[in-house]
>>> print(open('structure.txt').read())   # compact mmCIF, C-alpha atoms
# COMPACT_ATOMS: atom_id res chain seq x y z
CA MET H 1 -62.55 15.70 38.79
CA LEU H 2 -59.52 13.45 38.87
CA ALA H 3 -56.11 15.00 39.49
CA PHE H 4 -53.44 14.18 36.92
CA ASP H 5 -50.18 12.90 38.37
CA SER H 6 -47.11 13.63 36.27
CA SER H 7 -45.44 10.52 37.64
CA ASP H 8 -47.99 8.41 35.74
CA THR H 9 -46.78 9.77 32.37
CA PRO H 10 -45.59 6.82 30.26
CA PRO H 11 -41.92 6.98 29.32
CA THR H 12 -41.09 8.03 25.79
CA THR H 13 -40.43 5.21 23.34
CA GLU H 14 -38.34 7.22 20.87
CA PRO H 15 -34.81 5.74 20.63
CA ALA H 16 -31.88 7.94 21.47
CA ILE H 17 -29.77 9.11 18.57
CA ARG H 18 -26.60 7.03 18.48
CA LYS H 19 -23.39 8.36 17.04
CA PRO H 20 -21.61 6.18 14.49
CA ALA H 21 -19.08 3.94 16.17
CA HIS H 22 -16.28 4.85 13.78
CA GLY H 23 -17.10 8.47 13.11
CA SER H 24 -16.42 10.01 9.71
CA GLU H 25 -13.96 7.83 7.79
CA SER H 26 -12.36 8.22 4.40
CA TYR H 27 -12.81 5.70 1.63
CA LEU H 28 -9.32 4.27 2.18
CA ALA H 29 -10.04 3.85 5.90
CA LEU H 30 -13.25 1.96 5.09
CA VAL H 31 -11.39 -0.28 2.63
CA TRP H 32 -8.71 -1.00 5.20
CA ARG H 33 -11.33 -1.83 7.85
CA ARG H 34 -13.04 -4.27 5.49
CA LEU H 35 -9.72 -5.78 4.44
CA ARG H 36 -8.75 -6.47 8.06
CA ARG H 37 -11.84 -8.65 8.44
CA SER H 38 -10.62 -11.01 5.70
CA TRP H 39 -8.02 -13.42 7.06
CA THR H 40 -7.07 -14.55 3.54
CA GLY H 41 -6.57 -10.96 2.43
CA MET H 42 -4.42 -10.17 5.47
CA ALA H 43 -2.43 -13.38 4.97
CA GLY H 44 -1.82 -12.37 1.36
CA LEU H 45 -0.81 -8.87 2.44
CA VAL H 46 1.71 -10.21 4.96
CA LEU H 47 3.17 -12.68 2.45
CA VAL H 48 3.42 -10.01 -0.25
CA GLY H 49 5.23 -7.73 2.18
CA LEU H 50 7.66 -10.50 3.13
CA LEU H 51 8.29 -11.38 -0.53
CA LEU H 52 9.04 -7.77 -1.42
CA LEU H 53 11.28 -7.42 1.63
CA MET H 54 13.14 -10.59 0.63
CA ALA H 55 13.57 -9.33 -2.94
CA VAL H 56 14.89 -5.92 -1.88
CA PHE H 57 17.37 -7.35 0.65
CA ALA H 58 18.02 -10.61 -1.20
CA ASP H 59 21.78 -10.55 -0.67
CA PHE H 60 21.27 -10.17 3.07
CA PHE H 61 18.76 -13.02 3.36
CA ALA H 62 20.71 -15.39 1.08
CA PRO H 63 22.93 -17.51 3.37
CA MET H 64 25.59 -18.05 0.67
CA ASP H 65 27.04 -16.61 -2.48
CA PRO H 66 24.73 -17.87 -5.27
CA LYS H 67 27.72 -18.40 -7.56
CA ALA H 68 29.87 -20.34 -5.06
CA THR H 69 30.23 -24.05 -5.80
CA ASP H 70 30.39 -27.04 -3.47
CA VAL H 71 29.39 -30.70 -3.77
CA GLY H 72 27.20 -31.17 -6.87
CA PHE H 73 23.61 -32.37 -6.31
CA ALA H 74 24.06 -32.47 -2.53
CA PRO H 75 20.84 -33.15 -0.60
CA PRO H 76 19.40 -30.57 1.81
CA GLN H 77 21.15 -30.30 5.15
CA VAL H 78 18.76 -30.75 8.06
CA MET H 79 19.14 -28.46 11.06
CA SER H 80 19.67 -30.44 14.25
CA PHE H 81 19.66 -29.70 17.98
CA HIS H 82 21.63 -32.84 18.82
CA ASP H 83 25.32 -33.57 18.66
CA ARG H 84 26.81 -36.72 17.16
CA ASP H 85 26.22 -38.61 20.41
CA GLY H 86 22.51 -37.70 20.50
CA ASN H 87 22.78 -35.16 23.33
CA PHE H 88 20.53 -32.11 23.16
CA VAL H 89 22.26 -28.76 22.52
CA PHE H 90 20.77 -25.29 22.47
CA GLN H 91 22.65 -23.96 19.42
CA PRO H 92 21.39 -25.51 16.15
CA ARG H 93 23.88 -27.06 13.76
CA VAL H 94 24.22 -28.87 10.47
CA TYR H 95 26.77 -31.45 9.44
CA ALA H 96 28.98 -31.07 6.41
CA LEU H 97 28.49 -33.19 3.30
CA SER H 98 31.28 -34.99 1.55
CA ASP H 99 31.63 -37.26 -1.47
CA SER H 100 32.51 -40.88 -0.86
CA GLU H 101 34.35 -43.18 -3.21
CA GLU H 102 31.25 -45.33 -3.74
CA LEU H 103 28.97 -44.70 -6.73
CA ASP H 104 25.21 -44.88 -6.85
CA PRO H 105 24.28 -48.00 -8.88
CA VAL H 106 21.42 -46.14 -10.65
CA THR H 107 22.85 -42.67 -11.37
CA PHE H 108 26.57 -43.56 -11.17
CA GLN H 109 27.10 -40.40 -9.13
CA PRO H 110 29.30 -40.30 -6.01
CA ILE H 111 27.27 -41.06 -2.91
CA VAL H 112 27.13 -38.01 -0.65
CA GLY H 113 27.72 -38.81 3.01
CA VAL H 114 27.39 -36.85 6.24
CA ASP H 115 30.56 -35.80 8.04
CA TYR H 116 29.64 -35.96 11.74
CA ASP H 117 33.14 -34.92 12.77
CA ASN H 118 32.72 -31.37 11.44
CA PRO H 119 29.50 -29.79 12.78
CA ARG H 120 28.70 -26.28 11.56
CA LEU H 121 27.02 -24.10 14.17
CA LEU H 122 24.19 -21.84 12.99
CA GLY H 123 23.27 -18.33 14.05
CA PHE H 124 21.66 -15.06 13.04
CA PHE H 125 23.42 -12.05 11.51
CA VAL H 126 26.56 -14.02 10.78
CA LYS H 127 29.49 -13.09 8.56
CA GLY H 128 29.63 -14.67 5.14
CA ALA H 129 30.13 -13.89 1.48
CA GLU H 130 30.73 -10.25 0.67
CA TYR H 131 28.16 -8.31 -1.34
CA LYS H 132 27.07 -4.74 -2.00
CA LEU H 133 23.78 -3.68 -0.46
CA PHE H 134 21.71 -1.89 -3.14
CA GLY H 135 24.81 -2.24 -5.32
CA LEU H 136 26.59 0.51 -3.35
CA ILE H 137 27.26 -0.38 0.30
CA PRO H 138 29.83 -3.17 0.92
CA ALA H 139 28.62 -5.69 3.48
CA ASN H 140 29.19 -9.28 4.58
CA ARG H 141 26.43 -9.87 7.14
CA HIS H 142 23.72 -12.43 6.40
CA PHE H 143 20.45 -13.01 8.18
CA PHE H 144 21.09 -16.69 8.87
CA GLY H 145 23.96 -19.09 8.27
CA SER H 146 26.93 -20.81 9.81
CA THR H 147 28.86 -18.91 12.44
CA ASP H 148 32.23 -19.78 10.89
CA GLY H 149 31.25 -18.82 7.35
CA GLN H 150 31.31 -22.41 6.09
CA PRO H 151 28.78 -23.36 3.39
CA VAL H 152 25.35 -24.65 4.43
CA HIS H 153 22.68 -25.92 2.04
CA PHE H 154 19.19 -25.91 3.53
CA LEU H 155 17.64 -26.81 0.15
CA GLY H 156 20.58 -28.71 -1.31
CA THR H 157 22.69 -27.82 -4.33
CA ASP H 158 22.26 -28.00 -8.10
CA LYS H 159 24.44 -29.90 -10.57
CA PHE H 160 27.20 -27.27 -10.29
CA GLY H 161 27.17 -27.35 -6.48
CA ARG H 162 25.49 -23.94 -6.11
CA ASP H 163 23.19 -23.39 -3.14
CA VAL H 164 19.55 -23.69 -4.24
CA LEU H 165 18.11 -21.58 -1.41
CA SER H 166 20.48 -18.66 -2.04
CA ARG H 167 19.81 -18.78 -5.78
CA ALA H 168 16.04 -18.87 -5.18
CA ILE H 169 16.21 -15.85 -2.89
CA ILE H 170 18.38 -13.92 -5.35
CA GLY H 171 16.12 -15.07 -8.20
CA SER H 172 13.08 -13.54 -6.49
CA ARG H 173 14.55 -10.14 -7.28
CA ILE H 174 14.52 -10.73 -11.04
CA SER H 175 11.20 -12.60 -11.13
CA LEU H 176 9.31 -10.04 -9.05
CA MET H 177 11.02 -7.12 -10.80
CA ILE H 178 9.86 -8.43 -14.18
CA ALA H 179 6.33 -9.00 -12.88
CA LEU H 180 6.00 -5.60 -11.19
CA THR H 181 7.51 -3.71 -14.14
CA VAL H 182 5.30 -5.48 -16.68
CA VAL H 183 2.16 -4.92 -14.61
CA PHE H 184 3.06 -1.25 -14.09
CA ILE H 185 3.42 -0.66 -17.84
CA VAL H 186 0.29 -2.69 -18.60
CA THR H 187 -1.69 -0.72 -16.02
CA ILE H 188 -0.61 2.69 -17.38
CA ILE H 189 -1.32 1.83 -21.00
CA GLY H 190 -4.47 -0.22 -20.38
CA THR H 191 -6.04 2.31 -18.00
CA THR H 192 -5.33 5.25 -20.32
CA VAL H 193 -6.60 3.53 -23.46
CA GLY H 194 -9.67 2.16 -21.67
CA MET H 195 -10.73 5.48 -20.16
CA VAL H 196 -10.18 7.46 -23.36
CA SER H 197 -11.99 4.89 -25.47
CA GLY H 198 -14.98 4.57 -23.14
CA TYR H 199 -15.30 8.31 -22.52
CA PHE H 200 -15.21 9.58 -26.10
CA GLY H 201 -17.04 6.63 -27.67
CA GLY H 202 -18.37 6.90 -31.21
CA THR H 203 -16.21 6.10 -34.21
CA PHE H 204 -13.01 6.60 -32.20
CA ASP H 205 -14.10 3.91 -29.73
CA ILE H 206 -15.10 1.50 -32.51
CA TRP H 207 -11.77 1.68 -34.35
CA LEU H 208 -9.74 1.60 -31.13
CA GLN H 209 -11.58 -1.49 -29.93
CA ARG H 210 -10.92 -3.25 -33.24
CA PHE H 211 -7.21 -2.67 -32.62
CA VAL H 212 -7.56 -4.01 -29.08
CA GLU H 213 -9.29 -7.11 -30.41
CA LEU H 214 -6.46 -7.56 -32.89
CA VAL H 215 -3.94 -7.57 -30.05
CA LEU H 216 -6.07 -10.00 -28.06
CA ALA H 217 -6.37 -12.30 -31.07
CA PHE H 218 -2.63 -12.92 -31.29
CA PRO H 219 -1.55 -16.36 -30.04
CA GLN H 220 0.63 -15.12 -27.22
CA LEU H 221 2.88 -18.09 -26.52
CA PRO H 222 4.15 -18.57 -30.12
CA LEU H 223 4.58 -14.82 -30.40
CA TYR H 224 6.60 -14.71 -27.16
CA LEU H 225 8.90 -17.44 -28.43
CA ALA H 226 9.26 -15.83 -31.87
CA LEU H 227 10.03 -12.34 -30.56
CA THR H 228 12.46 -13.41 -27.85
CA SER H 229 14.34 -15.62 -30.32
CA LEU H 230 15.12 -12.52 -32.41
CA ILE H 231 17.69 -11.34 -29.86
CA PRO H 232 21.18 -12.65 -30.58
CA VAL H 233 22.80 -14.83 -27.94
CA THR H 234 25.68 -12.37 -27.60
CA ALA H 235 23.36 -9.49 -26.61
CA PRO H 236 23.95 -8.02 -23.13
CA THR H 237 21.78 -9.44 -20.39
CA ASN H 238 20.19 -6.06 -19.65
CA VAL H 239 19.10 -5.71 -23.28
CA PHE H 240 17.60 -9.18 -23.25
CA LEU H 241 15.78 -8.50 -19.98
CA ALA H 242 14.40 -5.18 -21.26
CA PHE H 243 13.21 -6.82 -24.46
CA VAL H 244 11.35 -9.52 -22.51
CA ILE H 245 9.62 -6.84 -20.42
CA VAL H 246 8.62 -4.90 -23.55
CA VAL H 247 7.22 -8.01 -25.24
CA MET H 248 5.16 -9.01 -22.19
CA SER H 249 3.86 -5.46 -21.79
CA ALA H 250 2.97 -5.07 -25.47
CA LEU H 251 0.76 -8.16 -25.35
CA GLY H 252 -0.74 -7.70 -21.89
CA TRP H 253 -2.36 -4.25 -21.88
CA ALA H 254 -5.34 -5.08 -24.11
CA GLN H 255 -7.32 -7.06 -21.52
CA MET H 256 -6.85 -4.33 -18.92
CA SER H 257 -8.12 -1.70 -21.38
CA ARG H 258 -11.29 -3.70 -22.08
CA GLU H 259 -12.08 -3.93 -18.37
CA VAL H 260 -11.46 -0.22 -17.75
CA ARG H 261 -13.49 0.71 -20.84
CA GLY H 262 -16.49 -1.16 -19.46
CA LYS H 263 -16.26 0.71 -16.17
CA THR H 264 -15.84 4.04 -17.98
CA LEU H 265 -18.92 3.47 -20.16
CA ALA H 266 -21.00 3.09 -17.00
CA LEU H 267 -19.42 6.08 -15.25
CA ALA H 268 -19.84 8.41 -18.24
CA ARG H 269 -23.64 8.24 -17.81
CA ILE H 270 -23.68 9.14 -14.11
CA ASP H 271 -25.26 12.46 -13.15
CA TYR H 272 -22.18 14.15 -11.72
CA VAL H 273 -20.21 13.45 -14.90
CA ARG H 274 -23.00 14.88 -17.04
CA ALA H 275 -23.19 17.89 -14.69
CA ALA H 276 -19.45 18.48 -15.16
CA MET H 277 -19.98 18.38 -18.93
CA ALA H 278 -22.87 20.84 -18.64
CA VAL H 279 -20.84 23.43 -16.74
CA GLY H 280 -18.12 23.30 -19.38
CA ALA H 281 -15.43 21.17 -17.69
CA THR H 282 -12.73 20.00 -20.09
CA ASP H 283 -12.46 16.37 -21.10
CA ARG H 284 -9.08 16.10 -19.43
CA ARG H 285 -10.49 17.39 -16.13
CA ILE H 286 -13.46 15.01 -16.24
CA ILE H 287 -11.29 11.97 -17.01
CA ILE H 288 -8.67 12.73 -14.36
CA GLN H 289 -10.84 14.05 -11.52
CA HIS H 290 -14.13 12.19 -11.98
CA ILE H 291 -13.57 8.94 -13.89
CA LEU H 292 -10.04 7.95 -12.85
CA PRO H 293 -10.72 7.92 -9.06
CA ASN H 294 -13.76 5.71 -9.61
CA VAL H 295 -11.95 3.11 -11.72
CA MET H 296 -8.89 2.96 -9.48
CA SER H 297 -10.48 0.43 -7.12
CA HIS H 298 -11.02 -1.96 -10.02
CA VAL H 299 -7.52 -1.28 -11.36
CA ILE H 300 -5.87 -2.02 -8.01
CA VAL H 301 -7.66 -5.36 -7.74
CA ALA H 302 -6.82 -6.19 -11.37
CA VAL H 303 -3.14 -5.43 -10.71
CA THR H 304 -2.92 -7.79 -7.74
CA LEU H 305 -4.59 -10.53 -9.79
CA HIS H 306 -2.44 -9.91 -12.89
CA ILE H 307 0.93 -10.17 -11.12
CA PRO H 308 0.63 -13.95 -10.50
CA SER H 309 -0.07 -14.58 -14.19
CA VAL H 310 3.10 -12.68 -15.15
CA VAL H 311 5.13 -14.64 -12.56
CA LEU H 312 3.84 -17.92 -13.99
CA LEU H 313 4.52 -16.74 -17.54
CA GLU H 314 8.08 -15.71 -16.69
CA SER H 315 8.68 -19.05 -14.97
CA PHE H 316 7.37 -20.94 -17.98
CA LEU H 317 9.39 -18.93 -20.48
CA GLY H 318 12.45 -19.20 -18.24
CA PHE H 319 12.02 -22.98 -18.11
CA LEU H 320 12.02 -22.99 -21.93
CA GLY H 321 15.06 -20.70 -22.01
CA PHE H 322 13.31 -17.63 -23.50
CA ALA H 323 13.11 -15.25 -20.53
CA VAL H 324 16.32 -14.76 -18.55
CA LYS H 325 19.84 -15.75 -19.52
CA PRO H 326 22.79 -16.48 -17.21
CA PRO H 327 24.46 -14.94 -15.27
CA LEU H 328 21.09 -13.54 -14.17
CA ILE H 329 19.04 -15.76 -11.88
CA SER H 330 15.27 -16.26 -11.90
CA TRP H 331 12.91 -18.97 -10.73
CA GLY H 332 12.14 -20.03 -14.28
CA LEU H 333 15.81 -20.27 -15.18
CA MET H 334 16.47 -22.45 -12.13
CA LEU H 335 13.74 -24.85 -13.24
CA GLN H 336 15.70 -25.69 -16.39
CA ASP H 337 17.57 -28.27 -14.29
CA THR H 338 14.32 -30.23 -13.91
CA ALA H 339 13.93 -30.88 -17.65
CA THR H 340 14.57 -34.62 -17.33
CA TYR H 341 12.70 -37.18 -15.26
CA SER H 342 15.92 -38.78 -14.06
CA VAL H 343 16.98 -35.55 -12.36
CA ILE H 344 13.60 -35.10 -10.68
CA GLY H 345 13.54 -38.70 -9.49
CA SER H 346 17.06 -38.67 -8.11
CA TYR H 347 17.31 -35.06 -6.90
CA PRO H 348 13.78 -33.85 -6.03
CA TRP H 349 15.05 -30.80 -4.12
CA ILE H 350 15.80 -29.17 -7.49
CA LEU H 351 12.05 -28.46 -7.62
CA SER H 352 12.37 -26.02 -4.69
CA PRO H 353 11.82 -22.89 -6.87
CA VAL H 354 8.32 -24.21 -7.57
CA GLY H 355 7.53 -23.60 -3.91
CA PHE H 356 8.55 -19.94 -4.22
CA VAL H 357 6.35 -19.56 -7.31
CA LEU H 358 3.37 -21.17 -5.56
CA VAL H 359 3.74 -18.95 -2.47
CA THR H 360 3.97 -15.83 -4.66
CA VAL H 361 0.90 -16.77 -6.70
CA PHE H 362 -1.09 -17.58 -3.54
CA ALA H 363 -0.03 -14.34 -1.82
CA PHE H 364 -1.06 -12.02 -4.64
CA ASN H 365 -4.27 -13.95 -5.38
CA ALA H 366 -5.28 -13.90 -1.72
CA LEU H 367 -4.54 -10.18 -1.50
CA GLY H 368 -6.50 -9.56 -4.70
CA ASP H 369 -9.52 -11.48 -3.42
CA GLY H 370 -9.41 -9.55 -0.15
CA LEU H 371 -9.15 -6.21 -1.92
CA ARG H 372 -11.98 -7.14 -4.28
CA ASP H 373 -14.29 -7.75 -1.33
CA ALA H 374 -13.06 -4.63 0.47
CA VAL H 375 -13.49 -2.12 -2.36
CA ASP H 376 -16.89 -3.49 -3.46
CA PRO H 377 -19.60 -2.49 -0.93
CA TYR H 378 -22.00 -5.07 -2.40
>>> encode(input="structure.txt", output="structure tokens")
Amino acid sequence: MLAFDSSDTPPTTEPAIRKPAHGSESYLALVWRRLRRSWTGMAGLVLVGLLLLMAVFADFFAPMDPKATDVGFAPPQVMSFHDRDGNFVFQPRVYALSDSEELDPVTFQPIVGVDYDNPRLLGFFVKGAEYKLFGLIPANRHFFGSTDGQPVHFLGTDKFGRDVLSRAIIGSRISLMIALTVVFIVTIIGTTVGMVSGYFGGTFDIWLQRFVELVLAFPQLPLYLALTSLIPVTAPTNVFLAFVIVVMSALGWAQMSREVRGKTLALARIDYVRAAMAVGATDRRIIIQHILPNVMSHVIVAVTLHIPSVVLLESFLGFLGFAVKPPLISWGLMLQDTATYSVIGSYPWILSPVGFVLVTVFAFNALGDGLRDAVDPY
């Protein structure tokens, strides 16, 4: 009889139980982890954060007073690290612009020359034009500008000699405020109408959707122009701005409601919703606690993708003169100076607000694409 040696026992092949690398995570933590893997989504998030920071502290980031005038249609001043003799210097500087007595043979405008005898040193957190932070706190510090408070024009000036960069930074406040306010109102109305319509269904849903289709059938651009033209020219700027926001919101909620309704129709047939109905939960409780959390991921993505369309619409209406009126400043209003080809050909820096619009549209679209991939597990 052979003796059995325990050392000859084959090792077990069952794998050891491994703990999840990330432990128990909430849904928001999982979305954030997925979003961090998308470089376009993170780039959009960073740009959106910088745009909002610029809009909130626009007076601080604007190097000049947006209403101050200087040389009309002056070209952008290039920052230099060399003095007039070509020697390298550590402190950057720009050189002042001045009108000469000679006229351009094409535009008949005074030729703007560079004054190398008066360099303007640049620095951070310099003193400049006075303003009120948040409309309450007096201040005169600016993020970047000339150390002696003299005017500098990194993107040139418009026909009235106003600094284009400062006006574009200040204009971001109005443009983004309009976009965020419109999207907020559209989201509240569209989400509420969509959830109620999809949850109750039946005859109520049929008639409500016919009204939504009626709103969607309106030709929006002619209606925008017709409604905004009803306001008299002498109306206060705040009234005109509020009316533009109301008009954009009244015509923009219908598409959001259709999307949310489709999600609600699918959620209303899920087992846990039917179980809540069976135990006698109220309709309000089911909509708020069971349906709303499940449509929020779609709503958040739709919001980030809807903001660029509102920014483009405001810029287009502002270019036509139907969005914002002076003395307010917006990107669309600044683009009115580019209405003629002669201005664009002779003074191309007037198109600088287009760059701000493009960066804003890219930032929110990139963030929306990243969020769409992060909130959708498939």
>>> atom_distance(input="structure.txt", atom1="atom CA of H:Arg372", atom2="atom CA of H:His298")
7.8 Å
>>> residues_around(input="structure.txt", residues="H:His290", least_positions_apart="6", cutoff="10 Å", atoms="all atoms listed in the file", output="ChimeraX atom specification")
/H:267-268,272-273,276,284
>>> atom_distance(input="structure.txt", atom1="atom CA of H:Leu320", atom2="atom CA of H:Phe154")
26.6 Å
>>> residues_around(input="structure.txt", residues="H:Phe362", least_positions_apart="2", cutoff="12 Å", atoms="all atoms listed in the file", output="VMD selection string")
chain H and resid 40 to 41 43 to 48 51 304 to 305 307 to 309 311 to 312 355 to 360 364 to 369
>>> atom_distance(input="structure.txt", atom1="atom CA of H:Phe57", atom2="atom CA of H:Leu133")
7.5 Å
>>> closest_residue(input="structure.txt", among="H:Gln150, H:Ser346, H:Gln209, H:Asn238", to="H:Val324", atoms="only C-alpha atoms")
H:Asn238
>>> residues_near_point(input="structure.txt", point="(30.7, -27.8, 16.9)", cutoff="12 Å", atoms="all atoms listed in the file", output="list in words")
Ser80, Phe81, His82, Asp83, Arg84, Val89, Phe90, Gln91, Pro92, Arg93, Val94, Tyr95, Ala96, Asp115, Tyr116, Asp117, Asn118, Pro119, Arg120, Leu121, Leu122, Ser146, Thr147 and Asp148 of chain H
>>> closest_residue(input="structure.txt", among="H:Ser166, H:Leu176, H:Gly332, H:Leu265", to="H:Gly202", atoms="all atoms listed in the file")
H:Leu265
>>> residues_around(input="structure.txt", residues="H:Ala139", least_positions_apart="5", cutoff="10 Å", atoms="all atoms listed in the file", output="compact mmCIF listing (two decimals) with C-alpha atoms, in the frame of the given file")
# COMPACT_ATOMS: atom_id res chain seq x y z
CA ASP H 59 21.78 -10.55 -0.67
CA PHE H 60 21.27 -10.17 3.07
CA LYS H 127 29.49 -13.09 8.56
CA GLY H 128 29.63 -14.67 5.14
CA ALA H 129 30.13 -13.89 1.48
CA GLU H 130 30.73 -10.25 0.67
CA TYR H 131 28.16 -8.31 -1.34
CA LYS H 132 27.07 -4.74 -2.00
CA LEU H 133 23.78 -3.68 -0.46
>>> residues_around(input="structure.txt", residues="H:Gly171", least_positions_apart="4", cutoff="7 Å", atoms="all atoms listed in the file", output="NGL selection string")
:H and (167 or 175 or 329-331)
